[in-house]
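Visitor: For reference, the structure I am asking about is given below.
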Amino acid sequence: MKFKCSPMEPYRIKMVEPIGQTTRREREKILEEAGYNVFAIPAEKVTIDLLTDSGTGAMSQDQWASLLKGDESYAGARSFYRFEATIKKIFGFRHVIPTHQGRAAERILFEAMIKKGDFVPNNIHFDTTMANILVRQAHPVNLVIDEAYDPKLEIPFKGNMDPEKLEKLYHQKKGHIPLVMITITNNSGGGQPVSMANIREISHLCRRFKLPLFFDACRFAENAFFIKEREKGYEGKSILEICREMFSLADGALVSAKKDGLANIGGFITLNDDSLAEKLKHLLIISEGFPTYGGLAGRDLEAISRGLEEVLDESYLRHRINQVRYLAKLLEEGGIPIFKPIGGHAVYLLADEFLPHIPREQYPAWALTVALYREAGIRAVEVGGVMFAQKKGRGGKEIFPPLEMVRLAIPRRVYTASHLEYVAQSIIELFKNRQKIRGLKIVSSRDPLRHFTARFEPV
Ligand SMILES: *Cc1c(COP(=O)(O)O)cnc(C)c1O
């Protein structure tokens, strides 16, 4: 992770979007009105928006040009066939079902596959995936390797699933596991990649146990880049070859096109099972739309097809990952505690180390997102107790997740190195004055996914 200078953007800027400027005083008032929840802040009032890398990327000139070719026919649009062909080329599954975004794909697949009381293993479930399982009264189970919860341990594939944990769960819950999932990269566990060897091992187990294996593959290209960089035998392979190999080991994938699809909206399910595909298409028609557009416009299908081609470009991926590493390097030089190693799409601050004076019950990571906005107009997201706490018993005690982090997600092709320098400097400044940051309490919230709408007050 050495940079002689900041990583050079492999693009130049053709269109500009002004950035919101506010004073600290204005931000204090905005926070109060927003109930100290950064999701409730108008984007115009944000200087650098690192809330998410989902749907926030900049499209290329070819993607913008492709919009004009969108075929808006209800059934059998040309744009759908292009979309289908691109996805088949990369993923290699027989069926392609468009959805308006990733969580719609989750809802439809889970409706078809999951019954009340079932158990669904994953390395670590993403928040919407977990919620879509919980609403079916089933149990999301995280089977990532134990090392994943040690925020300082530097191993190359910290997103791997523990095969022994899967085997154990299989024997305990036989007949109640409708599918196994692997999230690449592992968003809720620091954006960490999963190795090809691990995918192969989990795939063998699933075949032995006759369990279908599905990827939650939003960041499949970033995962493939890490395999190429870190796993023996893949140095000389193209990103496309690595993707083909990964997907050949599974039965299907759920994808949000808002990440490695390089598009602002969209998603899809792709799979081999013919009768399951028929069932999914039927469910799709009820809520998302006809199976050749699934809640998307023809032009969206065009932008996604083109985006999926562009994301395979190694020089794009190298710059993408290097941007994340560059921000991490600046933060580390300033003594900021961060999750290691650096993942593909974000830097994660270790909020419990950053704010050791705030107890978990007062949500240190949430408090840090509030302070970051107040001091610097930077919007980040909490990945900790507010997002992932489980409640024990009636109105009972909160059981907190092992990691209490703030994610600084980098939108694709949007910010330059100097924007990242501003972010690093602001966080280092905040760190010096961290004693002044106070915890928060929840005044109203609604499960599941309470973090999107909860309101808070300083304690
Ligand atoms: C974003 C994301 C989803 C959900 O996709 P949306 O398009 O936001 O609905 C699911 N899983 C993972 C790992 C994600 O990052």
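Naming works like this for the structure tokens: A, B, ... for the chains as they're shown, residue 1 at the start of each chain, ligands 1 onward in shown order.
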Within 7 Å of ligand 1, counting only C-alpha atoms and all ligand atoms: which residues, as a list in words?
Guide: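 Final answer, ordered by chain and number: Ser54, Gln101, Gly102, Arg103, Ala104, Phe126, Thr128, Thr129, Thr183, Ile184, Asn186, Asn187, Asp216, Ala217, Cys218, Ser256, Ala257, Lys258, Gly266 and Gly267 of chain A.
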Visitor: Give me, as JSON lines, the closest atom pair and its distance (Å, one decimal) for every residue of range 281-354 of chain A within a cut-off of 6 Å of range 77-80 of chain A, counting only C-alpha atoms, rows sorted by chain and rising number.
Guide:
{"residue": "A:Thr292", "atom": "CA", "partner": "A:Phe80", "partner_atom": "CA", "distance": 5.7}
{"residue": "A:Gly298", "atom": "CA", "partner": "A:Ser79", "partner_atom": "CA", "distance": 5.6}
{"residue": "A:Leu301", "atom": "CA", "partner": "A:Ser79", "partner_atom": "CA", "distance": 5.9}
{"residue": "A:Glu302", "atom": "CA", "partner": "A:Ser79", "partner_atom": "CA", "distance": 5.7}
Visitor: So that I have them on file, write out the residues from the current selection with C-alpha atoms, as a short mmCIF file (atom, residue, chain, number, x, y, z; two decimals), in the first residue's frame.
Guide:
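Done, and the output landed in selection-v7.cif:
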data_model
loop_
_atom_site.label_atom_id
_atom_site.label_comp_id
_atom_site.auth_asym_id
_atom_site.auth_seq_id
_atom_site.Cartn_x
_atom_site.Cartn_y
_atom_site.Cartn_z
CA THR A 292 -38.38 -8.69 -19.42
CA GLY A 298 -35.44 -0.22 -20.88
CA LEU A 301 -31.29 -2.23 -18.56
CA GLU A 302 -28.97 -0.64 -21.15
#
Visitor: Give me, as an NGL selection string, all polymer residues having an atom no more than 10 Å from range 353-362 of chain A, counting only C-alpha atoms and skipping those fewer than 4 positions away in the same chain.
Guide: :A and (335-338 or 349 or 366-368 or 384-386 or 397-401 or 404-405 or 430-431 or 434-442 or 458-459)
Visitor: Got a sec to tell me which of range 151-222 of chain A DSSP assigns to alpha helix (DSSP H), as a list in words?
Guide: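 Here is the list: Pro163, Glu164, Lys165, Leu166, Glu167, Lys168, Leu169, Tyr170, His171, Gln172, Lys173, Met196, Ala197, Asn198, Ile199, Arg200, Glu201, Ile202, Ser203, His204, Leu205, Cys206, Arg207, Arg208, Phe209, Phe220, Ala221 and Glu222 of chain A.
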Visitor: Neighbouring residues of Leu211 in chain A were defined as those with any atom within 9 Å, considering only C-alpha atoms; residues of the same chain fewer than 3 positions away were excluded. Please report them as a PDB file with all heavy atoms, in the first residue's frame.
Guide:
ATOM      1  N   ILE A 177     -32.943 -26.028   6.101  1.00  0.00           N
ATOM      2  CA  ILE A 177     -32.032 -25.076   5.458  1.00  0.00           C
ATOM      3  C   ILE A 177     -32.368 -25.046   3.967  1.00  0.00           C
ATOM      4  O   ILE A 177     -31.981 -25.939   3.224  1.00  0.00           O
ATOM      5  CB  ILE A 177     -30.550 -25.473   5.686  1.00  0.00           C
ATOM      6  CG1 ILE A 177     -30.266 -25.584   7.188  1.00  0.00           C
ATOM      7  CG2 ILE A 177     -29.613 -24.461   5.025  1.00  0.00           C
ATOM      8  CD1 ILE A 177     -28.862 -26.052   7.518  1.00  0.00           C
ATOM      9  N   PRO A 178     -33.122 -24.030   3.530  1.00  0.00           N
ATOM     10  CA  PRO A 178     -33.568 -24.025   2.130  1.00  0.00           C
ATOM     11  C   PRO A 178     -32.475 -23.614   1.148  1.00  0.00           C
ATOM     12  O   PRO A 178     -32.534 -23.973  -0.028  1.00  0.00           O
ATOM     13  CB  PRO A 178     -34.707 -23.001   2.123  1.00  0.00           C
ATOM     14  CG  PRO A 178     -34.435 -22.119   3.290  1.00  0.00           C
ATOM     15  CD  PRO A 178     -33.713 -22.936   4.314  1.00  0.00           C
ATOM     16  N   LEU A 179     -31.512 -22.822   1.611  1.00  0.00           N
ATOM     17  CA  LEU A 179     -30.392 -22.421   0.747  1.00  0.00           C
ATOM     18  C   LEU A 179     -29.242 -21.917   1.604  1.00  0.00           C
ATOM     19  O   LEU A 179     -29.425 -21.581   2.772  1.00  0.00           O
ATOM     20  CB  LEU A 179     -30.806 -21.329  -0.254  1.00  0.00           C
ATOM     21  CG  LEU A 179     -30.946 -19.884   0.245  1.00  0.00           C
ATOM     22  CD1 LEU A 179     -30.832 -18.919  -0.915  1.00  0.00           C
ATOM     23  CD2 LEU A 179     -32.260 -19.657   0.962  1.00  0.00           C
ATOM     24  N   VAL A 180     -28.060 -21.899   0.981  1.00  0.00           N
ATOM     25  CA  VAL A 180     -26.865 -21.335   1.618  1.00  0.00           C
ATOM     26  C   VAL A 180     -26.465 -20.127   0.786  1.00  0.00           C
ATOM     27  O   VAL A 180     -26.569 -20.153  -0.443  1.00  0.00           O
ATOM     28  CB  VAL A 180     -25.726 -22.379   1.650  1.00  0.00           C
ATOM     29  CG1 VAL A 180     -24.434 -21.780   2.205  1.00  0.00           C
ATOM     30  CG2 VAL A 180     -26.148 -23.601   2.466  1.00  0.00           C
ATOM     31  N   LEU A 205     -19.495 -28.807  -0.131  1.00  0.00           N
ATOM     32  CA  LEU A 205     -20.351 -29.173   1.007  1.00  0.00           C
ATOM     33  C   LEU A 205     -21.823 -29.071   0.620  1.00  0.00           C
ATOM     34  O   LEU A 205     -22.618 -29.962   0.916  1.00  0.00           O
ATOM     35  CB  LEU A 205     -20.097 -28.237   2.189  1.00  0.00           C
ATOM     36  CG  LEU A 205     -18.937 -28.564   3.121  1.00  0.00           C
ATOM     37  CD1 LEU A 205     -18.866 -27.518   4.228  1.00  0.00           C
ATOM     38  CD2 LEU A 205     -19.090 -29.964   3.719  1.00  0.00           C
ATOM     39  N   CYS A 206     -22.172 -27.976  -0.048  1.00  0.00           N
ATOM     40  CA  CYS A 206     -23.573 -27.776  -0.447  1.00  0.00           C
ATOM     41  C   CYS A 206     -24.027 -28.884  -1.383  1.00  0.00           C
ATOM     42  O   CYS A 206     -25.149 -29.368  -1.274  1.00  0.00           O
ATOM     43  CB  CYS A 206     -23.754 -26.418  -1.111  1.00  0.00           C
ATOM     44  SG  CYS A 206     -23.637 -25.064   0.054  1.00  0.00           S
ATOM     45  N   ARG A 207     -23.146 -29.285  -2.300  1.00  0.00           N
ATOM     46  CA  ARG A 207     -23.542 -30.363  -3.218  1.00  0.00           C
ATOM     47  C   ARG A 207     -23.717 -31.673  -2.469  1.00  0.00           C
ATOM     48  O   ARG A 207     -24.662 -32.419  -2.730  1.00  0.00           O
ATOM     49  CB  ARG A 207     -22.534 -30.480  -4.364  1.00  0.00           C
ATOM     50  CG  ARG A 207     -22.858 -29.378  -5.341  1.00  0.00           C
ATOM     51  CD  ARG A 207     -22.076 -29.210  -6.578  1.00  0.00           C
ATOM     52  NE  ARG A 207     -22.505 -27.899  -7.115  1.00  0.00           N
ATOM     53  CZ  ARG A 207     -21.885 -27.211  -8.034  1.00  0.00           C
ATOM     54  NH1 ARG A 207     -20.783 -27.678  -8.579  1.00  0.00           N
ATOM     55  NH2 ARG A 207     -22.350 -26.053  -8.441  1.00  0.00           N
ATOM     56  N   ARG A 208     -22.811 -31.915  -1.499  1.00  0.00           N
ATOM     57  CA  ARG A 208     -22.931 -33.141  -0.699  1.00  0.00           C
ATOM     58  C   ARG A 208     -24.233 -33.154   0.091  1.00  0.00           C
ATOM     59  O   ARG A 208     -24.922 -34.161   0.180  1.00  0.00           O
ATOM     60  CB  ARG A 208     -21.731 -33.228   0.243  1.00  0.00           C
ATOM     61  CG  ARG A 208     -21.406 -34.652   0.666  1.00  0.00           C
ATOM     62  CD  ARG A 208     -20.100 -34.704   1.442  1.00  0.00           C
ATOM     63  NE  ARG A 208     -20.354 -34.670   2.862  1.00  0.00           N
ATOM     64  CZ  ARG A 208     -19.536 -34.129   3.763  1.00  0.00           C
ATOM     65  NH1 ARG A 208     -18.407 -33.538   3.383  1.00  0.00           N
ATOM     66  NH2 ARG A 208     -19.831 -34.168   5.028  1.00  0.00           N
TER      67      ARG A 208
END
Visitor: Do you know which residues are at most 9 Å from Gly343 in chain A counting only C-alpha atoms, after dropping those on the same chain fewer than 5 positions away, and could you put them as a ChimeraX atom specification?
Guide: /A:185-187,190-193,321,324-325,348
Visitor: Based on the selection just made, write N, CA and C atoms of those residues as a PDB file, in the first residue's frame.
Guide:
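Output saved as out_9.pdb:
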ATOM      1  N   THR A 185     -18.284  -8.912  -2.062  1.00  0.00           N
ATOM      2  CA  THR A 185     -17.469  -9.046  -0.865  1.00  0.00           C
ATOM      3  C   THR A 185     -18.379  -8.918   0.356  1.00  0.00           C
ATOM      4  N   ASN A 186     -17.835  -9.248   1.515  1.00  0.00           N
ATOM      5  CA  ASN A 186     -18.654  -9.320   2.719  1.00  0.00           C
ATOM      6  C   ASN A 186     -18.871  -7.925   3.318  1.00  0.00           C
ATOM      7  N   ASN A 187     -19.908  -7.269   2.837  1.00  0.00           N
ATOM      8  CA  ASN A 187     -20.171  -5.861   3.163  1.00  0.00           C
ATOM      9  C   ASN A 187     -20.233  -5.588   4.664  1.00  0.00           C
ATOM     10  N   GLY A 190     -16.754  -5.596   6.891  1.00  0.00           N
ATOM     11  CA  GLY A 190     -15.594  -4.818   6.462  1.00  0.00           C
ATOM     12  C   GLY A 190     -15.294  -4.881   4.974  1.00  0.00           C
ATOM     13  N   GLY A 191     -16.247  -5.334   4.167  1.00  0.00           N
ATOM     14  CA  GLY A 191     -16.022  -5.380   2.709  1.00  0.00           C
ATOM     15  C   GLY A 191     -14.918  -6.348   2.315  1.00  0.00           C
ATOM     16  N   GLN A 192     -14.822  -7.459   3.065  1.00  0.00           N
ATOM     17  CA  GLN A 192     -13.712  -8.394   2.866  1.00  0.00           C
ATOM     18  C   GLN A 192     -14.045  -9.449   1.804  1.00  0.00           C
ATOM     19  N   PRO A 193     -13.022  -9.832   1.026  1.00  0.00           N
ATOM     20  CA  PRO A 193     -13.259 -10.809  -0.038  1.00  0.00           C
ATOM     21  C   PRO A 193     -13.333 -12.253   0.464  1.00  0.00           C
ATOM     22  N   ILE A 321      -9.963   0.267  -5.959  1.00  0.00           N
ATOM     23  CA  ILE A 321      -9.471  -0.292  -4.702  1.00  0.00           C
ATOM     24  C   ILE A 321      -8.361   0.601  -4.133  1.00  0.00           C
ATOM     25  N   VAL A 324      -9.705   3.502  -2.094  1.00  0.00           N
ATOM     26  CA  VAL A 324     -10.090   3.094  -0.741  1.00  0.00           C
ATOM     27  C   VAL A 324      -8.824   2.968   0.117  1.00  0.00           C
ATOM     28  N   ARG A 325      -7.780   2.364  -0.466  1.00  0.00           N
ATOM     29  CA  ARG A 325      -6.524   2.188   0.285  1.00  0.00           C
ATOM     30  C   ARG A 325      -5.864   3.526   0.592  1.00  0.00           C
ATOM     31  N   TYR A 348     -13.592   1.340   7.188  1.00  0.00           N
ATOM     32  CA  TYR A 348     -14.451   1.225   8.362  1.00  0.00           C
ATOM     33  C   TYR A 348     -13.688   1.724   9.588  1.00  0.00           C
TER      34      TYR A 348
END
